[in-house]
>>> print(open('final07.txt').read())   # compact mmCIF, C-alpha atoms
# COMPACT_ATOMS: atom_id res chain seq x y z
CA MET Q 15 28.68 -24.29 -49.36
CA ALA Q 16 29.06 -20.52 -49.36
CA LYS Q 17 32.10 -18.88 -47.89
CA PRO Q 18 31.63 -18.14 -44.16
CA ILE Q 19 31.04 -14.46 -43.46
CA PRO Q 20 33.83 -13.11 -41.23
CA LYS Q 21 32.49 -11.92 -37.91
CA VAL Q 22 33.69 -8.59 -36.60
CA GLY Q 23 34.55 -9.70 -33.10
CA SER Q 24 35.63 -13.24 -33.83
CA ARG Q 25 38.27 -14.96 -31.76
CA LYS Q 26 40.93 -14.99 -34.45
CA ASN Q 27 40.85 -11.20 -34.86
CA ARG Q 28 40.69 -10.34 -31.19
CA ARG Q 29 43.49 -8.30 -29.76
CA SER Q 30 45.11 -9.62 -26.67
CA SER Q 31 44.54 -6.44 -24.66
CA ALA Q 32 41.16 -5.84 -23.05
CA ARG Q 33 38.98 -3.81 -25.37
CA LYS Q 34 36.48 -2.58 -22.82
CA SER Q 35 38.68 0.01 -21.14
CA ALA Q 36 39.84 1.49 -24.45
CA ARG Q 37 36.31 2.46 -25.57
CA ARG Q 38 35.24 6.04 -25.04
CA ILE Q 39 31.59 6.58 -25.56
CA PRO Q 40 30.36 10.16 -25.45
CA LYS Q 41 26.76 9.27 -26.09
CA GLY Q 42 24.71 6.38 -24.77
CA VAL Q 43 21.29 5.03 -23.99
CA ILE Q 44 20.03 4.23 -20.53
CA HIS Q 45 17.31 1.61 -20.29
CA VAL Q 46 15.22 1.58 -17.12
CA GLN Q 47 12.90 -1.34 -16.61
CA ALA Q 48 10.70 -0.57 -13.62
CA SER Q 49 8.40 -3.27 -12.40
CA PHE Q 50 6.47 -3.14 -9.17
CA HIS Q 51 9.01 -5.25 -7.31
CA ASN Q 52 12.34 -4.37 -8.87
CA THR Q 53 14.17 -1.91 -11.09
CA ILE Q 54 16.85 -2.77 -13.64
CA VAL Q 55 19.05 -0.05 -15.10
CA THR Q 56 21.12 -0.95 -18.15
CA VAL Q 57 23.51 1.41 -19.88
CA THR Q 58 24.22 0.66 -23.51
CA ASP Q 59 25.76 2.49 -26.42
CA VAL Q 60 23.70 3.91 -29.24
CA ARG Q 61 23.69 0.62 -31.13
CA GLY Q 62 22.45 -1.31 -28.14
CA ARG Q 63 25.55 -3.11 -26.89
CA VAL Q 64 25.47 -3.30 -23.12
CA ILE Q 65 28.14 -1.44 -21.20
CA SER Q 66 26.99 -1.83 -17.64
CA CYS Q 67 23.93 -3.21 -15.92
CA PHE Q 68 22.74 -2.65 -12.39
CA SER Q 69 19.57 -3.63 -10.65
CA ALA Q 70 18.17 -2.99 -7.22
CA GLY Q 71 19.07 -6.55 -6.26
CA THR Q 72 22.71 -6.21 -7.26
CA CYS Q 73 22.99 -3.07 -5.15
CA GLY Q 74 22.40 -5.10 -2.01
CA PHE Q 75 18.66 -4.78 -1.51
CA LYS Q 76 16.70 -7.93 -0.93
CA GLY Q 77 13.07 -8.86 -1.02
CA ARG Q 78 10.49 -6.16 -0.63
CA ARG Q 79 13.01 -3.33 -0.50
CA ARG Q 80 14.00 -3.82 -4.12
CA GLY Q 81 10.79 -2.22 -5.28
CA THR Q 82 11.28 1.00 -3.37
CA PRO Q 83 12.26 4.25 -5.11
CA PHE Q 84 15.40 4.54 -3.00
CA ALA Q 85 16.67 1.24 -4.39
CA ALA Q 86 16.00 2.52 -7.90
CA GLN Q 87 17.97 5.65 -7.12
CA THR Q 88 21.01 3.72 -5.90
CA ALA Q 89 20.87 1.38 -8.87
CA ALA Q 90 20.79 4.29 -11.31
CA GLY Q 91 23.56 6.07 -9.43
CA ASN Q 92 25.80 3.01 -9.48
CA ALA Q 93 25.17 2.37 -13.15
CA ILE Q 94 26.09 5.90 -14.11
CA ARG Q 95 29.15 6.01 -11.90
CA ALA Q 96 30.51 2.97 -13.70
CA VAL Q 97 30.06 4.70 -17.02
CA VAL Q 98 31.02 8.30 -16.34
CA ASP Q 99 34.70 7.48 -16.30
CA GLN Q 100 34.31 6.08 -19.80
CA GLY Q 101 33.45 9.57 -20.86
CA MET Q 102 29.70 9.56 -21.31
CA GLN Q 103 28.15 13.00 -21.30
CA ARG Q 104 24.84 12.70 -23.08
CA ALA Q 105 22.27 10.00 -22.82
CA GLU Q 106 18.81 9.09 -23.85
CA VAL Q 107 16.54 7.42 -21.35
CA LEU Q 108 14.14 4.65 -22.28
CA ILE Q 109 11.62 3.71 -19.60
CA LYS Q 110 9.64 0.51 -19.53
CA GLY Q 111 6.93 -0.62 -17.16
CA PRO Q 112 4.90 0.76 -14.27
CA GLY Q 113 6.51 1.07 -10.88
CA LEU Q 114 8.21 3.59 -8.68
CA GLY Q 115 11.55 3.13 -10.36
CA ARG Q 116 10.47 5.27 -13.30
CA ASP Q 117 10.43 8.52 -11.40
CA ALA Q 118 13.20 7.78 -8.94
CA ALA Q 119 15.74 6.55 -11.49
CA LEU Q 120 15.06 9.55 -13.73
CA ARG Q 121 15.69 11.94 -10.86
CA ALA Q 122 18.91 10.14 -9.97
CA ILE Q 123 20.10 10.33 -13.57
CA ARG Q 124 19.39 14.02 -13.76
CA ARG Q 125 21.12 14.61 -10.44
CA SER Q 126 24.27 12.86 -11.56
CA GLY Q 127 25.14 15.47 -14.14
CA ILE Q 128 24.54 13.64 -17.40
CA LEU Q 129 22.75 15.64 -20.06
CA LEU Q 130 19.50 14.06 -21.12
CA ASN Q 131 18.64 14.07 -24.81
CA PHE Q 132 15.24 12.50 -24.67
CA VAL Q 133 13.01 10.68 -22.24
CA ARG Q 134 10.98 7.99 -23.93
CA ASP Q 135 8.47 5.47 -22.71
CA ILE Q 136 8.76 2.11 -24.42
CA THR Q 137 6.35 -0.01 -22.43
CA PRO Q 138 5.43 -2.91 -24.71
CA MET Q 139 1.91 -2.46 -25.97
CA PRO Q 140 0.28 -5.22 -27.97
CA HIS Q 141 -1.99 -4.27 -30.82
CA ASN Q 142 -4.41 -6.76 -29.22
CA GLY Q 143 -2.24 -9.86 -29.56
CA CYS Q 144 -1.81 -12.47 -26.85
CA ARG Q 145 -4.53 -13.08 -24.30
CA PRO Q 146 -3.61 -11.44 -20.97
CA PRO Q 147 -3.78 -13.47 -17.74
CA LYS Q 148 -7.15 -13.74 -16.02
CA LYS Q 149 -8.52 -10.92 -13.91
CA ARG Q 150 -7.63 -11.01 -10.26
CA ARG Q 151 -10.53 -11.29 -7.88
CA VAL Q 152 -10.20 -9.18 -4.79
CA MET S 28 -68.74 -49.34 28.53
CA LEU S 29 -65.05 -49.67 27.77
CA PRO S 30 -62.88 -51.49 30.21
CA ALA S 31 -60.74 -49.27 32.41
CA ASP S 32 -57.40 -50.64 31.20
CA ILE S 33 -58.06 -49.78 27.54
CA PHE S 34 -56.06 -46.57 27.81
CA GLN S 35 -53.14 -48.58 29.03
CA ARG S 36 -53.30 -50.95 26.08
CA LEU S 37 -54.03 -48.49 23.28
CA PRO S 38 -51.02 -46.68 21.98
CA ILE S 39 -51.15 -42.92 21.83
CA ALA S 40 -51.52 -42.43 18.11
CA THR S 41 -52.38 -38.88 17.40
CA VAL S 42 -51.99 -35.63 19.15
CA CYS S 43 -54.61 -33.10 18.39
CA LEU S 44 -52.88 -29.93 17.09
CA LYS S 45 -54.51 -26.60 16.57
CA PRO S 46 -52.61 -24.71 13.82
CA CYS S 47 -52.10 -21.37 15.50
CA SER S 48 -51.72 -22.12 19.13
CA PHE S 49 -48.08 -22.30 20.20
CA PRO S 50 -47.62 -22.17 23.91
CA THR S 51 -44.23 -20.39 23.83
CA PRO S 52 -43.37 -17.47 21.53
CA LYS S 53 -40.59 -18.08 19.01
CA PRO S 54 -37.35 -16.26 19.82
CA VAL S 55 -36.93 -13.41 17.33
CA ALA S 56 -33.55 -11.77 16.71
CA GLN S 57 -33.64 -8.17 17.74
CA PHE S 58 -32.00 -5.63 15.37
CA HIS S 59 -31.03 -2.30 16.80
CA LEU S 60 -31.44 0.15 13.98
CA CYS S 61 -30.21 3.71 14.08
CA THR S 62 -31.97 5.56 16.77
CA ARG S 63 -32.32 8.56 14.45
CA PRO S 64 -33.73 7.21 11.19
CA THR S 65 -33.80 10.70 9.67
CA ARG S 66 -30.00 10.61 9.29
CA GLY S 67 -30.18 8.23 6.39
CA ALA S 68 -30.43 4.50 6.58
CA THR S 69 -26.78 3.81 5.72
CA ILE S 70 -25.22 0.96 7.57
CA ARG S 71 -21.43 1.33 7.79
CA CYS S 72 -19.30 -1.76 7.66
CA MET S 73 -15.57 -1.84 8.06
CA ALA S 74 -13.57 -4.25 5.94
CA LYS S 75 -10.74 -6.24 7.42
CA PRO S 76 -7.33 -4.55 7.13
CA ARG S 77 -5.89 -7.31 4.97
CA ARG S 78 -8.68 -6.88 2.47
CA VAL S 79 -8.16 -3.12 2.45
CA LYS S 80 -4.52 -3.72 1.57
CA MET S 81 -5.41 -6.12 -1.22
CA VAL S 82 -7.89 -3.68 -2.70
CA ALA S 83 -5.31 -0.89 -2.51
CA GLN S 84 -2.76 -3.00 -4.35
CA GLN S 85 -5.25 -3.98 -7.00
CA ILE S 86 -6.32 -0.38 -7.53
CA ARG S 87 -2.68 0.61 -7.84
CA ARG S 88 -2.13 -2.01 -10.51
CA GLU S 89 -5.21 -0.99 -12.43
CA LEU S 90 -4.47 2.72 -12.28
CA SER S 91 -0.85 2.28 -13.40
CA ASP S 92 -2.05 0.13 -16.25
CA MET S 93 -4.61 2.77 -17.18
CA LEU S 94 -1.97 5.49 -17.18
CA LEU S 95 0.17 3.46 -19.54
CA THR S 96 -2.44 2.17 -21.94
CA ASP S 97 -5.54 4.34 -21.80
CA LYS S 98 -5.51 6.99 -24.47
CA VAL S 99 -7.94 9.35 -22.74
CA LEU S 100 -5.88 9.52 -19.56
CA GLN S 101 -2.67 9.96 -21.48
CA TYR S 102 -4.06 12.90 -23.39
CA ALA S 103 -5.27 14.44 -20.13
CA VAL S 104 -1.87 14.14 -18.49
CA LEU S 105 0.24 15.01 -21.50
CA PRO S 106 -1.58 17.10 -24.06
CA GLU S 107 1.23 16.74 -26.58
CA ALA S 108 0.38 13.10 -26.95
CA ALA S 109 -2.66 14.08 -28.95
CA LEU S 110 -0.37 15.66 -31.54
CA GLY S 111 1.61 12.48 -31.89
CA ALA S 112 4.59 13.29 -29.66
CA ASP S 113 3.75 10.59 -27.18
CA ARG S 114 7.08 8.83 -27.39
CA TYR S 115 9.20 11.85 -26.55
CA LEU S 116 7.99 13.00 -23.19
CA SER S 117 8.31 16.33 -21.49
CA SER S 118 6.88 15.07 -18.22
CA LEU S 119 6.47 11.67 -16.64
CA THR S 120 3.61 10.79 -14.33
CA THR S 121 3.84 7.96 -11.83
CA ILE S 122 1.47 6.71 -9.21
CA SER S 123 3.54 6.44 -6.09
CA ASP S 124 0.97 5.36 -3.55
CA VAL S 125 -2.67 4.44 -3.12
CA GLU S 126 -4.48 4.73 0.20
CA VAL S 127 -7.91 3.27 0.71
CA SER S 128 -10.16 4.21 3.60
CA ALA S 129 -11.26 1.48 5.97
CA ASP S 130 -14.76 1.28 4.53
CA LEU S 131 -13.49 1.11 0.93
CA GLN S 132 -15.34 4.26 -0.08
CA VAL S 133 -12.57 6.80 -0.62
CA VAL S 134 -9.32 6.25 -2.45
CA LYS S 135 -6.48 8.75 -2.24
CA VAL S 136 -4.04 8.39 -5.11
CA TYR S 137 -0.65 10.03 -4.66
CA VAL S 138 0.78 11.09 -7.99
CA SER S 139 4.35 12.16 -8.62
CA VAL S 140 5.17 14.13 -11.74
CA PHE S 141 8.64 14.55 -13.14
CA GLY S 142 9.22 17.67 -15.18
CA ASP S 143 9.04 21.42 -14.92
CA GLU S 144 6.41 23.44 -13.04
CA ARG S 145 4.10 23.84 -15.98
CA GLY S 146 4.19 20.14 -16.74
CA LYS S 147 3.28 19.36 -13.16
CA GLU S 148 0.31 21.71 -13.15
CA VAL S 149 -0.94 20.45 -16.47
CA ALA S 150 -0.64 16.82 -15.45
CA LEU S 151 -2.36 17.24 -12.10
CA ALA S 152 -5.14 19.41 -13.53
CA GLY S 153 -5.71 16.88 -16.29
CA LEU S 154 -5.95 14.00 -13.82
CA LYS S 155 -8.34 15.87 -11.54
CA SER S 156 -10.59 16.68 -14.45
CA LYS S 157 -10.76 12.99 -15.36
CA ALA S 158 -11.56 11.77 -11.85
CA LYS S 159 -15.08 10.67 -12.75
CA TYR S 160 -13.90 8.91 -15.86
CA VAL S 161 -11.27 7.09 -13.82
CA ARG S 162 -13.93 6.05 -11.33
CA SER S 163 -16.13 4.60 -14.01
CA GLN S 164 -13.25 2.72 -15.61
CA LEU S 165 -12.25 1.32 -12.25
CA GLY S 166 -15.79 0.08 -11.75
CA LYS S 167 -15.67 -1.72 -15.07
CA ARG S 168 -12.33 -3.35 -14.37
CA MET S 169 -12.77 -4.34 -10.76
CA LYS S 170 -15.61 -6.19 -9.14
CA LEU S 171 -16.46 -4.19 -6.05
CA ARG S 172 -19.82 -3.64 -4.45
CA LEU S 173 -19.35 0.11 -4.34
CA THR S 174 -16.75 1.77 -6.53
CA PRO S 175 -14.81 4.18 -4.35
CA GLU S 176 -14.44 7.87 -4.97
CA VAL S 177 -11.03 8.70 -6.43
CA ARG S 178 -9.03 11.71 -5.30
CA PHE S 179 -5.69 12.67 -6.82
CA ILE S 180 -3.11 14.27 -4.59
CA GLU S 181 0.32 15.49 -5.57
CA ASP S 182 3.16 13.62 -3.94
CA GLU S 183 6.29 15.59 -3.27
CA SER S 184 8.15 13.05 -1.21
CA LEU S 185 10.25 11.75 -4.09
CA GLU S 186 11.29 15.26 -5.01
CA ARG S 187 12.19 16.11 -1.46
CA GLY S 188 14.20 12.95 -1.10
CA SER S 189 16.04 13.69 -4.30
CA ARG S 190 16.84 17.20 -3.09
CA VAL S 191 18.12 15.95 0.24
CA ILE S 192 20.38 13.44 -1.46
CA ALA S 193 21.66 16.15 -3.80
CA ILE S 194 22.53 18.31 -0.81
CA LEU S 195 24.27 15.41 0.87
CA ASP S 196 26.26 14.70 -2.27
CA ARG S 197 27.33 18.28 -2.49
CA ILE S 198 28.42 18.22 1.11
CA LYS S 199 30.42 15.08 0.50
CA SER S 200 32.17 16.63 -2.46
CA LYS S 201 33.00 19.72 -0.44
CA GLU S 202 34.39 17.55 2.31
CA LYS S 203 37.03 16.36 -0.01
CA ILE S 204 38.13 19.92 -0.76
CA ALA S 205 38.42 21.49 2.69
CA GLU S 206 37.91 19.61 5.92
CA VAL S 207 37.57 22.40 8.45
CA GLU S 208 34.75 24.15 6.64
CA ASP S 209 33.01 20.83 6.20
CA GLU S 210 32.48 20.26 9.87
CA GLU S 211 30.67 23.54 10.25
CA GLU S 212 28.50 22.90 7.25
CA PHE S 213 27.74 19.40 8.38
CA GLU S 214 26.44 20.67 11.69
CA SER S 215 24.42 23.48 10.18
CA SER S 216 22.92 21.36 7.46
CA ASP S 217 20.82 19.55 10.04
CA SER S 218 18.74 22.65 10.71
CA PRO S 219 15.78 23.15 8.38
CA GLN S 220 16.70 26.79 7.79
CA ASP S 221 19.34 25.78 5.34
CA ASP S 222 16.74 24.19 3.10
CA ARG S 223 15.61 27.60 2.07
CA GLU S 224 19.16 28.58 1.31
CA TRP S 225 19.85 25.56 -0.84
CA GLU S 226 16.64 26.01 -2.75
CA ASP S 227 18.09 29.05 -4.45
CA ASN S 228 20.70 27.00 -6.20
CA ASP S 229 18.50 24.07 -7.05
CA PRO S 230 20.59 21.50 -8.91
CA ASP S 231 17.64 20.61 -11.12
CA GLU S 232 17.61 24.03 -12.71
CA ASP S 233 21.13 23.82 -14.04
CA ILE S 234 20.59 20.79 -16.19
CA ILE S 235 18.88 21.56 -19.46
CA TYR S 236 17.36 19.25 -21.96
CA VAL S 237 19.42 19.12 -25.13
CA LYS S 238 17.54 18.40 -28.32
>>> encode(input="final07.txt", output="structure tokens")
Amino acid sequence: MAKPIPKVGSRKNRRSSARKSARRIPKGVIHVQASFHNTIVTVTDVRGRVISCFSAGTCGFKGRRRGTPFAAQTAAGNAIRAVVDQGMQRAEVLIKGPGLGRDAALRAIRRSGILLNFVRDITPMPHNGCRPPKKRRV
Amino acid sequence: MLPADIFQRLPIATVCLKPCSFPTPKPVAQFHLCTRPTRGATIRCMAKPRRVKMVAQQIRRELSDMLLTDKVLQYAVLPEAALGADRYLSSLTTISDVEVSADLQVVKVYVSVFGDERGKEVALAGLKSKAKYVRSQLGKRMKLRLTPEVRFIEDESLERGSRVIAILDRIKSKEKIAEVEDEEEFESSDSPQDDREWEDNDPDEDIIYVK
């Protein structure tokens, strides 16, 4: 058997103090997934490791109100507030999905004072792969 | 000579029927057509409100899908996409609301654009120029008797809401600094006159895109 590859964050090497508060991240990525009935805002670092995650449901909205743009605004505001004290100044925004959260969360992010590098749309687009569900009859 | 009681004994077998003679006229349903036929023989029918809502939701889904996937619409809204810069956006278009008239003939689509003034004009002009194309695509995707006419209208409600919240945030931050001045500002901020004042220092102008 080959020698086991030492993991970076393995239990044996972990320091006893909490590592999360010691990290200062000047640059990050904000993922916004906006569906018709909910919005999820996740803040990660450049590599993709999640720092904080807020959705319209976790901000106290229930049911139909989660899909509203106001809920998306509060979710984005909460997510950024949790990260600003870690020192984030610049961010890139990745937007996925249709829905009102796209616009509203973007406006909230811009209002909060974080500089935006880029705004990208990463809605998953198949190159004609899986068969989509059947057409709805109205 | 037949006996007199033969008619009592013989059963009544046949009834002689003449083909065209009906004693009573058949009841015919009366249709009241338009009294002025020169107006055009269109009969208007109103759909039930639940169905109108379902059609509106379905149109919203289809249009959002078209905005995300259809190349023609994307080029109309964001001309840079044709050059290959489609992943790094300068403006973002969202469909915020769809209103359908009660007879399912007219659809008003409220579009909200995020970006600077030029981006907004370009996006809205592009969408309006593709209205007929959108109508034909909608007819292909949805099974409706008559495909409705599509009108694009700019929606400023999200922007206004964002501005109001920015003003409120600024007021809250000032409250922490000085309390006496805050009470006066709080009272005066209710009047709409102050909106014009705040518009001069629009918070959106200060933040620049860094590349």
>>> atom_distance(input="final07.txt", atom1="CA of Phe84 (chain Q)", atom2="CA of Ile136 (chain Q)")
22.6 Å
>>> atom_distance(input="final07.txt", atom1="CA of Pro175 (chain S)", atom2="CA of Gly153 (chain S)")
19.7 Å
>>> atom_distance(input="final07.txt", atom1="CA of His45 (chain Q)", atom2="CA of Val57 (chain Q)")
6.2 Å
>>> closest_atom_pairs(input="final07.txt", of="chain Q", to="chain S", cutoff="10 Å", atoms="only C-alpha atoms", output="tab-separated table")
residue	atom	partner	partner_atom	distance
Q:Phe50	CA	S:Arg88	CA	8.8
Q:Thr82	CA	S:Ser123	CA	9.8
Q:Pro83	CA	S:Leu185	CA	7.8
Q:Phe84	CA	S:Gly188	CA	8.7
Q:Gln87	CA	S:Ser189	CA	8.7
Q:Arg104	CA	S:Val237	CA	8.6
Q:Ala105	CA	S:Val237	CA	9.8
Q:Leu108	CA	S:Arg114	CA	9.7
Q:Ile109	CA	S:Leu119	CA	9.9
Q:Lys110	CA	S:Leu95	CA	9.9
Q:Gly111	CA	S:Leu95	CA	8.2
Q:Pro112	CA	S:Ser91	CA	6.0
Q:Gly113	CA	S:Thr121	CA	7.5
Q:Leu114	CA	S:Ser123	CA	6.1
Q:Gly115	CA	S:Thr121	CA	9.2
Q:Arg116	CA	S:Thr121	CA	7.3
Q:Asp117	CA	S:Phe141	CA	6.5
Q:Ala118	CA	S:Leu185	CA	6.9
Q:Leu120	CA	S:Phe141	CA	8.2
Q:Arg121	CA	S:Ser189	CA	6.8
Q:Ala122	CA	S:Ser189	CA	7.3
Q:Arg124	CA	S:Ile234	CA	7.3
Q:Arg125	CA	S:Ala193	CA	6.8
Q:Ser126	CA	S:Ala193	CA	8.8
Q:Gly127	CA	S:Ile234	CA	7.3
Q:Ile128	CA	S:Ile234	CA	8.3
Q:Leu129	CA	S:Tyr236	CA	6.8
Q:Leu130	CA	S:Tyr236	CA	5.7
Q:Asn131	CA	S:Val237	CA	5.1
Q:Phe132	CA	S:Tyr115	CA	6.4
Q:Val133	CA	S:Leu116	CA	5.6
Q:Arg134	CA	S:Tyr115	CA	5.0
Q:Asp135	CA	S:Arg114	CA	5.9
Q:Ile136	CA	S:Arg114	CA	7.5
Q:Thr137	CA	S:Leu95	CA	7.7
Q:Pro138	CA	S:Leu95	CA	9.7
Q:Met139	CA	S:Thr96	CA	7.5
Q:Pro140	CA	S:Thr96	CA	9.9
Q:Lys149	CA	S:Met169	CA	8.4
Q:Arg150	CA	S:Gln85	CA	8.1
Q:Arg151	CA	S:Lys170	CA	7.3
Q:Val152	CA	S:Val82	CA	6.3
>>> closest_residue(input="final07.txt", among="Q:Gln103, Q:Ile39, Q:Pro147, Q:Thr53", to="Arg78 (chain Q)", atoms="only C-alpha atoms")
Q:Thr53
>>> residues_near_point(input="final07.txt", point="(-13.7, 10.5, -14.0)", cutoff="12 Å", atoms="only C-alpha atoms", output="MDAnalysis selection string")
chainID S and resid 99:100 103 153:166 174:179
>>> residues_near_point(input="final07.txt", point="(21.2, 3.0, -27.8)", cutoff="9 Å", atoms="all atoms listed in the file", output="VMD selection string")
chain Q and resid 41 to 45 57 to 64 105 to 106
>>> residues_around(input="final07.txt", residues="Ile94 (chain Q)", least_positions_apart="2", cutoff="8 Å", atoms="only C-alpha atoms", output="PyMOL selection string")
chain Q and resi 57+90-92+96-98+123+126
>>> closest_residue(input="final07.txt", among="Q:Ala93, Q:Ala86, Q:Cys67, Q:Met102", to="His51 (chain Q)", atoms="all atoms listed in the file")
Q:Ala86
>>> residues_around(input="final07.txt", residues="Gly71 (chain Q)", least_positions_apart="2", cutoff="10 Å", atoms="all atoms listed in the file", output="PyMOL selection string")
chain Q and resi 52-54+68-69+73-77+79-81+85-86+89
>>> closest_residue(input="final07.txt", among="Q:Ile65, Q:Asn142, Q:Thr56, Q:Thr72", to="Gln100 (chain Q)", atoms="only C-alpha atoms")
Q:Ile65
